[in-house]
Structures are given as C-alpha cells and as structure tokens.
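Data block for model-v4.cif (mmCIF, N, CA and C atoms):
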data_protein
#
loop_
_atom_site.label_atom_id
_atom_site.label_comp_id
_atom_site.auth_asym_id
_atom_site.auth_seq_id
_atom_site.Cartn_x
_atom_site.Cartn_y
_atom_site.Cartn_z
N MET A 255 13.75 -3.07 -8.13
CA MET A 255 13.10 -2.81 -6.85
C MET A 255 13.02 -1.31 -6.57
N ALA A 256 14.04 -0.57 -7.01
CA ALA A 256 14.06 0.88 -6.75
C ALA A 256 12.87 1.57 -7.42
N LYS A 257 12.52 1.15 -8.65
CA LYS A 257 11.39 1.77 -9.34
C LYS A 257 10.07 1.49 -8.61
N ILE A 258 9.95 0.29 -8.08
CA ILE A 258 8.72 -0.05 -7.34
C ILE A 258 8.62 0.80 -6.08
N ILE A 259 9.72 0.95 -5.37
CA ILE A 259 9.71 1.76 -4.14
C ILE A 259 9.40 3.21 -4.50
N ASP A 260 10.01 3.74 -5.57
CA ASP A 260 9.70 5.11 -6.00
C ASP A 260 8.23 5.26 -6.38
N PHE A 261 7.69 4.26 -7.09
CA PHE A 261 6.29 4.28 -7.48
C PHE A 261 5.38 4.33 -6.25
N VAL A 262 5.63 3.45 -5.30
CA VAL A 262 4.80 3.40 -4.10
C VAL A 262 4.96 4.67 -3.27
N ARG A 263 6.19 5.18 -3.17
CA ARG A 263 6.43 6.41 -2.42
C ARG A 263 5.70 7.59 -3.07
N ASP A 264 5.78 7.70 -4.41
CA ASP A 264 5.09 8.78 -5.11
C ASP A 264 3.58 8.71 -4.89
N LEU A 265 3.03 7.51 -4.95
CA LEU A 265 1.60 7.35 -4.69
C LEU A 265 1.25 7.79 -3.27
N SER A 266 2.09 7.41 -2.32
CA SER A 266 1.79 7.72 -0.91
C SER A 266 1.88 9.21 -0.62
N GLU A 267 2.52 9.97 -1.49
CA GLU A 267 2.67 11.41 -1.29
C GLU A 267 1.64 12.23 -2.07
N ASP A 268 0.80 11.57 -2.87
CA ASP A 268 -0.20 12.26 -3.69
C ASP A 268 -1.44 12.54 -2.84
N ASP A 269 -1.73 13.81 -2.61
CA ASP A 269 -2.87 14.21 -1.77
C ASP A 269 -4.22 13.85 -2.36
N ARG A 270 -4.28 13.53 -3.63
CA ARG A 270 -5.55 13.15 -4.26
C ARG A 270 -5.96 11.73 -3.88
N ILE A 271 -5.03 10.97 -3.38
CA ILE A 271 -5.30 9.59 -2.97
C ILE A 271 -5.78 9.62 -1.52
N PRO A 272 -6.82 8.86 -1.19
CA PRO A 272 -7.36 8.89 0.18
C PRO A 272 -6.27 8.66 1.24
N LEU A 273 -6.43 9.35 2.35
CA LEU A 273 -5.44 9.30 3.43
C LEU A 273 -5.15 7.87 3.87
N GLN A 274 -6.18 7.05 4.03
CA GLN A 274 -5.97 5.67 4.46
C GLN A 274 -5.07 4.93 3.48
N ASN A 275 -5.28 5.13 2.20
CA ASN A 275 -4.46 4.46 1.19
C ASN A 275 -3.02 4.95 1.25
N ARG A 276 -2.84 6.26 1.49
CA ARG A 276 -1.48 6.79 1.59
C ARG A 276 -0.76 6.24 2.81
N ILE A 277 -1.48 6.05 3.89
CA ILE A 277 -0.87 5.46 5.09
C ILE A 277 -0.45 4.03 4.81
N VAL A 278 -1.31 3.27 4.15
CA VAL A 278 -1.00 1.88 3.80
C VAL A 278 0.22 1.83 2.89
N LEU A 279 0.27 2.71 1.89
CA LEU A 279 1.41 2.75 0.96
C LEU A 279 2.69 3.16 1.68
N GLY A 280 2.58 4.12 2.58
CA GLY A 280 3.74 4.52 3.36
C GLY A 280 4.26 3.37 4.20
N GLY A 281 3.35 2.59 4.75
CA GLY A 281 3.74 1.40 5.51
C GLY A 281 4.47 0.39 4.64
N LEU A 282 4.02 0.25 3.39
CA LEU A 282 4.69 -0.68 2.47
C LEU A 282 6.11 -0.20 2.16
N VAL A 283 6.27 1.10 1.94
CA VAL A 283 7.61 1.64 1.67
C VAL A 283 8.53 1.35 2.85
N VAL A 284 8.05 1.63 4.05
CA VAL A 284 8.86 1.37 5.25
C VAL A 284 9.20 -0.10 5.36
N TYR A 285 8.21 -0.96 5.13
CA TYR A 285 8.44 -2.41 5.22
C TYR A 285 9.49 -2.87 4.21
N LEU A 286 9.39 -2.37 2.97
CA LEU A 286 10.33 -2.80 1.93
C LEU A 286 11.74 -2.28 2.18
N LEU A 287 11.85 -1.11 2.79
CA LEU A 287 13.17 -0.53 3.04
C LEU A 287 13.82 -1.00 4.33
N THR A 288 13.01 -1.51 5.25
CA THR A 288 13.52 -1.97 6.53
C THR A 288 14.19 -3.33 6.37
N PRO A 289 15.38 -3.48 6.94
CA PRO A 289 16.07 -4.77 6.81
C PRO A 289 15.44 -5.90 7.63
N ILE A 290 14.55 -5.55 8.55
CA ILE A 290 13.91 -6.57 9.39
C ILE A 290 12.69 -7.10 8.64
N ASP A 291 12.68 -8.40 8.39
CA ASP A 291 11.60 -9.05 7.66
C ASP A 291 11.10 -10.25 8.44
N ILE A 292 9.95 -10.75 8.02
CA ILE A 292 9.42 -11.98 8.59
C ILE A 292 10.39 -13.12 8.28
N ILE A 293 10.84 -13.18 7.02
CA ILE A 293 11.85 -14.15 6.58
C ILE A 293 13.03 -13.33 6.07
N PRO A 294 14.23 -13.49 6.62
CA PRO A 294 15.38 -12.67 6.22
C PRO A 294 15.66 -12.77 4.71
N ASP A 295 15.98 -11.62 4.10
CA ASP A 295 16.22 -11.57 2.65
C ASP A 295 17.47 -12.32 2.21
N PHE A 296 18.39 -12.58 3.13
CA PHE A 296 19.61 -13.27 2.71
C PHE A 296 19.36 -14.74 2.37
N ILE A 297 18.19 -15.26 2.70
CA ILE A 297 17.82 -16.63 2.31
C ILE A 297 17.28 -16.56 0.89
N PRO A 298 18.00 -17.14 -0.08
CA PRO A 298 17.59 -17.01 -1.49
C PRO A 298 16.14 -17.46 -1.73
N ILE A 299 15.48 -16.76 -2.55
CA ILE A 299 14.10 -16.95 -3.00
C ILE A 299 13.11 -16.86 -1.84
N ILE A 300 13.23 -17.72 -0.85
CA ILE A 300 12.28 -17.73 0.28
C ILE A 300 12.33 -16.39 1.02
N GLY A 301 13.50 -15.80 1.09
CA GLY A 301 13.66 -14.52 1.78
C GLY A 301 12.90 -13.38 1.13
N TRP A 302 12.63 -13.50 -0.15
CA TRP A 302 11.90 -12.45 -0.85
C TRP A 302 10.39 -12.71 -0.86
N LEU A 303 9.98 -13.88 -0.45
CA LEU A 303 8.55 -14.21 -0.50
C LEU A 303 7.71 -13.34 0.43
N ASP A 304 8.23 -13.02 1.62
CA ASP A 304 7.44 -12.19 2.53
C ASP A 304 7.25 -10.79 1.95
N ASP A 305 8.30 -10.24 1.30
CA ASP A 305 8.16 -8.94 0.66
C ASP A 305 7.12 -9.00 -0.46
N ALA A 306 7.17 -10.07 -1.23
CA ALA A 306 6.21 -10.25 -2.33
C ALA A 306 4.79 -10.39 -1.78
N PHE A 307 4.63 -11.15 -0.69
CA PHE A 307 3.32 -11.37 -0.08
C PHE A 307 2.74 -10.05 0.43
N VAL A 308 3.54 -9.30 1.17
CA VAL A 308 3.06 -8.03 1.71
C VAL A 308 2.74 -7.06 0.57
N SER A 309 3.59 -7.01 -0.44
CA SER A 309 3.34 -6.14 -1.60
C SER A 309 2.05 -6.54 -2.30
N LEU A 310 1.82 -7.82 -2.44
CA LEU A 310 0.61 -8.33 -3.08
C LEU A 310 -0.64 -7.87 -2.32
N VAL A 311 -0.62 -8.00 -1.02
CA VAL A 311 -1.77 -7.60 -0.20
C VAL A 311 -2.04 -6.11 -0.36
N ILE A 312 -0.99 -5.31 -0.26
CA ILE A 312 -1.14 -3.85 -0.35
C ILE A 312 -1.61 -3.45 -1.75
N LEU A 313 -0.97 -3.99 -2.78
CA LEU A 313 -1.36 -3.62 -4.15
C LEU A 313 -2.79 -4.06 -4.46
N ASP A 314 -3.20 -5.21 -3.97
CA ASP A 314 -4.59 -5.64 -4.16
C ASP A 314 -5.54 -4.62 -3.55
N TYR A 315 -5.23 -4.20 -2.36
CA TYR A 315 -6.06 -3.20 -1.67
C TYR A 315 -6.08 -1.88 -2.45
N ILE A 316 -4.92 -1.40 -2.86
CA ILE A 316 -4.82 -0.12 -3.56
C ILE A 316 -5.52 -0.18 -4.92
N PHE A 317 -5.31 -1.25 -5.66
CA PHE A 317 -5.94 -1.38 -6.98
C PHE A 317 -7.45 -1.42 -6.88
N ASN A 318 -7.97 -1.90 -5.76
CA ASN A 318 -9.42 -2.01 -5.60
C ASN A 318 -10.04 -0.82 -4.88
N SER A 319 -9.22 0.12 -4.42
CA SER A 319 -9.79 1.24 -3.67
C SER A 319 -9.30 2.61 -4.14
N THR A 320 -8.54 2.64 -5.22
CA THR A 320 -8.01 3.90 -5.73
C THR A 320 -8.27 3.97 -7.23
N ASP A 321 -8.53 5.16 -7.72
CA ASP A 321 -8.78 5.39 -9.14
C ASP A 321 -7.56 4.97 -9.96
N SER A 322 -7.77 4.12 -10.94
CA SER A 322 -6.68 3.62 -11.79
C SER A 322 -5.93 4.73 -12.50
N ASP A 323 -6.64 5.78 -12.91
CA ASP A 323 -5.97 6.88 -13.61
C ASP A 323 -4.96 7.58 -12.71
N LEU A 324 -5.30 7.72 -11.43
CA LEU A 324 -4.35 8.30 -10.47
C LEU A 324 -3.12 7.41 -10.31
N ILE A 325 -3.35 6.13 -10.22
CA ILE A 325 -2.23 5.19 -10.07
C ILE A 325 -1.34 5.26 -11.31
N LEU A 326 -1.96 5.29 -12.48
CA LEU A 326 -1.20 5.32 -13.74
C LEU A 326 -0.35 6.58 -13.88
N GLU A 327 -0.77 7.68 -13.28
CA GLU A 327 0.04 8.90 -13.34
C GLU A 327 1.42 8.69 -12.71
N HIS A 328 1.50 7.79 -11.75
CA HIS A 328 2.76 7.54 -11.05
C HIS A 328 3.47 6.27 -11.52
N TYR A 329 2.76 5.44 -12.25
CA TYR A 329 3.30 4.15 -12.65
C TYR A 329 4.47 4.34 -13.62
N PRO A 330 5.66 3.80 -13.31
CA PRO A 330 6.86 4.10 -14.10
C PRO A 330 6.99 3.28 -15.39
N TRP A 331 6.09 2.36 -15.64
CA TRP A 331 6.18 1.53 -16.83
C TRP A 331 4.97 1.78 -17.72
N SER A 332 4.78 0.98 -18.72
CA SER A 332 3.68 1.18 -19.68
C SER A 332 2.32 0.78 -19.10
N LYS A 333 1.27 1.28 -19.74
CA LYS A 333 -0.09 0.91 -19.33
C LYS A 333 -0.30 -0.59 -19.49
N ALA A 334 0.29 -1.18 -20.53
CA ALA A 334 0.15 -2.63 -20.75
C ALA A 334 0.74 -3.40 -19.57
N SER A 335 1.89 -2.96 -19.06
CA SER A 335 2.48 -3.67 -17.92
C SER A 335 1.67 -3.42 -16.65
N PHE A 336 1.04 -2.23 -16.55
CA PHE A 336 0.16 -1.96 -15.42
C PHE A 336 -1.03 -2.91 -15.44
N ASP A 337 -1.62 -3.08 -16.62
CA ASP A 337 -2.76 -4.00 -16.75
C ASP A 337 -2.35 -5.43 -16.41
N LYS A 338 -1.14 -5.83 -16.83
CA LYS A 338 -0.64 -7.17 -16.49
C LYS A 338 -0.46 -7.31 -14.98
N MET A 339 0.11 -6.27 -14.36
CA MET A 339 0.32 -6.33 -12.92
C MET A 339 -1.01 -6.47 -12.19
N ARG A 340 -2.00 -5.71 -12.62
CA ARG A 340 -3.34 -5.81 -12.00
C ARG A 340 -3.90 -7.22 -12.12
N VAL A 341 -3.72 -7.83 -13.29
CA VAL A 341 -4.21 -9.20 -13.50
C VAL A 341 -3.48 -10.16 -12.57
N TYR A 342 -2.15 -10.04 -12.48
CA TYR A 342 -1.38 -10.92 -11.60
C TYR A 342 -1.79 -10.74 -10.14
N VAL A 343 -1.92 -9.49 -9.72
CA VAL A 343 -2.32 -9.22 -8.33
C VAL A 343 -3.70 -9.79 -8.07
N ASP A 344 -4.61 -9.60 -9.01
CA ASP A 344 -5.96 -10.11 -8.85
C ASP A 344 -5.97 -11.64 -8.76
N ARG A 345 -5.19 -12.28 -9.62
CA ARG A 345 -5.15 -13.75 -9.62
C ARG A 345 -4.53 -14.30 -8.34
N LEU A 346 -3.53 -13.60 -7.82
CA LEU A 346 -2.83 -14.11 -6.64
C LEU A 346 -3.49 -13.69 -5.32
N SER A 347 -4.39 -12.73 -5.38
CA SER A 347 -4.98 -12.22 -4.14
C SER A 347 -5.81 -13.27 -3.40
N TRP A 348 -6.22 -14.32 -4.07
CA TRP A 348 -6.97 -15.38 -3.39
C TRP A 348 -6.10 -16.08 -2.35
N LEU A 349 -4.77 -15.94 -2.47
CA LEU A 349 -3.87 -16.56 -1.48
C LEU A 349 -4.00 -15.92 -0.10
N VAL A 350 -4.52 -14.70 -0.08
CA VAL A 350 -4.63 -13.96 1.18
C VAL A 350 -6.06 -14.04 1.67
N PRO A 351 -6.27 -14.69 2.80
CA PRO A 351 -7.63 -14.78 3.33
C PRO A 351 -8.21 -13.40 3.64
N PRO A 352 -9.50 -13.20 3.37
CA PRO A 352 -10.13 -11.90 3.63
C PRO A 352 -9.93 -11.42 5.07
N ARG A 353 -9.92 -12.33 6.00
CA ARG A 353 -9.76 -11.94 7.41
C ARG A 353 -8.38 -11.31 7.65
N VAL A 354 -7.36 -11.85 7.00
CA VAL A 354 -6.01 -11.29 7.13
C VAL A 354 -5.99 -9.86 6.58
N LYS A 355 -6.61 -9.66 5.43
CA LYS A 355 -6.68 -8.32 4.84
C LYS A 355 -7.39 -7.36 5.80
N LYS A 356 -8.49 -7.82 6.37
CA LYS A 356 -9.27 -6.97 7.26
C LYS A 356 -8.45 -6.53 8.47
N VAL A 357 -7.71 -7.46 9.05
CA VAL A 357 -6.88 -7.14 10.22
C VAL A 357 -5.78 -6.16 9.84
N LEU A 358 -5.15 -6.39 8.69
CA LEU A 358 -4.05 -5.53 8.26
C LEU A 358 -4.48 -4.09 8.05
N PHE A 359 -5.67 -3.88 7.51
CA PHE A 359 -6.09 -2.53 7.17
C PHE A 359 -6.88 -1.85 8.29
N ARG A 360 -7.23 -2.59 9.31
CA ARG A 360 -7.91 -1.99 10.47
C ARG A 360 -7.03 -0.93 11.11
N GLN A 361 -5.74 -1.20 11.22
CA GLN A 361 -4.81 -0.26 11.84
C GLN A 361 -4.72 1.03 11.02
N ALA A 362 -4.73 0.93 9.71
CA ALA A 362 -4.69 2.12 8.85
C ALA A 362 -5.93 2.98 9.07
N ARG A 363 -7.09 2.34 9.16
CA ARG A 363 -8.33 3.08 9.42
C ARG A 363 -8.24 3.79 10.77
N LYS A 364 -7.68 3.12 11.75
CA LYS A 364 -7.54 3.70 13.09
C LYS A 364 -6.63 4.94 13.04
N LEU A 365 -5.53 4.85 12.30
CA LEU A 365 -4.63 5.99 12.17
C LEU A 365 -5.30 7.18 11.48
N VAL A 366 -6.11 6.90 10.48
CA VAL A 366 -6.84 7.97 9.78
C VAL A 366 -7.78 8.67 10.74
N LEU A 367 -8.52 7.89 11.51
CA LEU A 367 -9.47 8.48 12.46
C LEU A 367 -8.74 9.31 13.51
N GLU A 368 -7.61 8.81 14.01
CA GLU A 368 -6.84 9.57 15.00
C GLU A 368 -6.32 10.87 14.41
N LYS A 369 -5.84 10.82 13.17
CA LYS A 369 -5.31 12.01 12.51
C LYS A 369 -6.41 13.04 12.30
N ARG A 370 -7.59 12.58 11.88
CA ARG A 370 -8.72 13.49 11.68
C ARG A 370 -9.15 14.11 13.00
N HIS A 371 -9.19 13.31 14.07
CA HIS A 371 -9.56 13.81 15.38
C HIS A 371 -8.56 14.86 15.85
N MET A 372 -7.29 14.58 15.65
CA MET A 372 -6.23 15.50 16.05
C MET A 372 -6.36 16.83 15.30
N LYS A 373 -6.63 16.75 14.00
CA LYS A 373 -6.78 17.95 13.17
C LYS A 373 -8.01 18.74 13.63
N ALA A 374 -9.11 18.05 13.90
CA ALA A 374 -10.33 18.72 14.36
C ALA A 374 -10.10 19.43 15.69
N THR A 375 -9.35 18.80 16.58
CA THR A 375 -9.04 19.39 17.88
C THR A 375 -8.21 20.66 17.70
N ILE A 376 -7.21 20.58 16.84
CA ILE A 376 -6.35 21.75 16.59
C ILE A 376 -7.14 22.86 15.95
N ASP A 377 -7.99 22.52 14.98
CA ASP A 377 -8.84 23.54 14.33
C ASP A 377 -9.79 24.17 15.33
N HIS A 378 -10.37 23.38 16.20
CA HIS A 378 -11.30 23.89 17.21
C HIS A 378 -10.58 24.84 18.17
N GLU A 379 -9.38 24.44 18.61
CA GLU A 379 -8.62 25.28 19.54
C GLU A 379 -8.16 26.58 18.89
N SER A 380 -7.84 26.54 17.60
CA SER A 380 -7.38 27.75 16.92
C SER A 380 -8.54 28.72 16.66
N ASN A 381 -9.77 28.18 16.62
CA ASN A 381 -10.93 29.04 16.39
C ASN A 381 -11.41 29.72 17.67
N GLU A 382 -10.93 29.27 18.79
CA GLU A 382 -11.38 29.85 20.07
C GLU A 382 -10.66 31.10 20.42
#
Represent the structure from my file as structure tokens, please.
Amino acid sequence: MAKIIDFVRDLSEDDRIPLQNRIVLGGLVVYLLTPIDIIPDFIPIIGWLDDAFVSLVILDYIFNSTDSDLILEHYPWSKASFDKMRVYVDRLSWLVPPRVKKVLFRQARKLVLEKRHMKATIDHESNE
C-alpha cells in the first residue's frame, strides 16, 4: 500500500499533469491515509472494498485523461504490471455508473476554476 500511496502522491506533485488531475490524485492520497472510511478498515475484506472502489474510480479517470508516459515515469513497478493494472481498471470501471463519476469529478473542476480565478485576481492586483 505504501508504494501505491507514494506513486499517487508523486503523480499529484508533478506540474506536467493537469491541475484537475493533481487535485483528484491529492484527494485520493488524503482518502487512503485518512482513518475515516465509508466502511471501516478493521472489518476484514469488506473494509478494504471502499478504498479499492475509490481507487478504481480515480485510476480510471487518471488513466483516461493523463499521458501514459507521464504516469509511467512515476510508476514504481514494471511497464508490464502497469499495462495489467490498466486492463484491470478498465474491466472493472463498468461497476461505476457514469453519473457517479461525473458527480465525483465536478468538485475537482470547481476547485480548479476557483484556483485559476484566485490566481488571476492576484496577478491583476499585482499589475496595478
């Protein structure tokens, strides 16, 4: 689990990856590290399903919206295992209804727009 968290954290800190994707990845890191879950982790197997579900949704989004070469630069395992992970994520992504994905990522888009607005305001004020 530590390697996965390091992988996601490294991706979220790479400025070449779109801001929205970095926000989503940062949210995944926080979710995985936070002891508060939808289903508590102390319940064997079932307790880890919510972490797996959330990770699946985020990885599906990232794999479909970020350049694979950038992801591979941070991926701690072999390219063959990366390709396998992509296949597994792709096969399992049908479990997540498109509407759920849309709702989950709407907040990330909103944060990006707010951050850009804030930066534009600061830049405008500094130019005056």
DSSP says alpha helix (DSSP H) for which residues of chain A? Put them as a PyMOL selection string?
chain A and resi 256-266+273-287+300-319+322-328+333-346+352-381
Leaving out range 302-308 of chain A and any residue of its chain fewer than 2 positions from it, which residues lie within 7 Å of it when counting only C-alpha atoms, given as a PyMOL selection string?
chain A and resi 286+292-293+295+299-300+310-312
Could you write out as an MDAnalysis selection string the residues that the PyMOL selection byres ((chain A and resi 332-349) around 6.5) matches in the shown file?
chainID A and resid 310 313:314 329:331 350:351
Can you list, as a list in words, the residues that the PyMOL selection byres (((chain A and resi 322 and name CA) around 12) and name CA) selects here?
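Applying the expression gives Leu265, Ile271, Leu313, Ile316, Phe317, Asn318, Ser319, Thr320, Asp321, Asp323, Leu324, Ile325, Leu326, Glu327, His328, Tyr329, Lys333, Phe336, Asp337 and Arg340 of chain A.
Considering the residues A:Val357, A:Met372, A:Ala362, A:Val283 and counting only N, CA and C atoms, Ile259 in chain A has its shortest atom-to-atom contact with A:Val283.
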What is the atom C of Arg263 in chain A-atom N of Arg353 in chain A distance in Å, reported with one decimal?
26.9 Å
For CA of Ala256 in chain A and CA of Phe359 in chain A, determine how far apart the two atoms are, in Å to one decimal place.
24.7 Å
Might you pull out every residue within 12 Å of Glu267 in chain A, with only C-alpha atoms counted and same-chain residues fewer than 6 positions away left off, and present them as a ChimeraX atom specification?
/A:260-261,273-280,283,324-325,328
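With CA of Asp268 in chain A on one side and CA of Leu282 in chain A on the other, the separation reads 15.1 Å.
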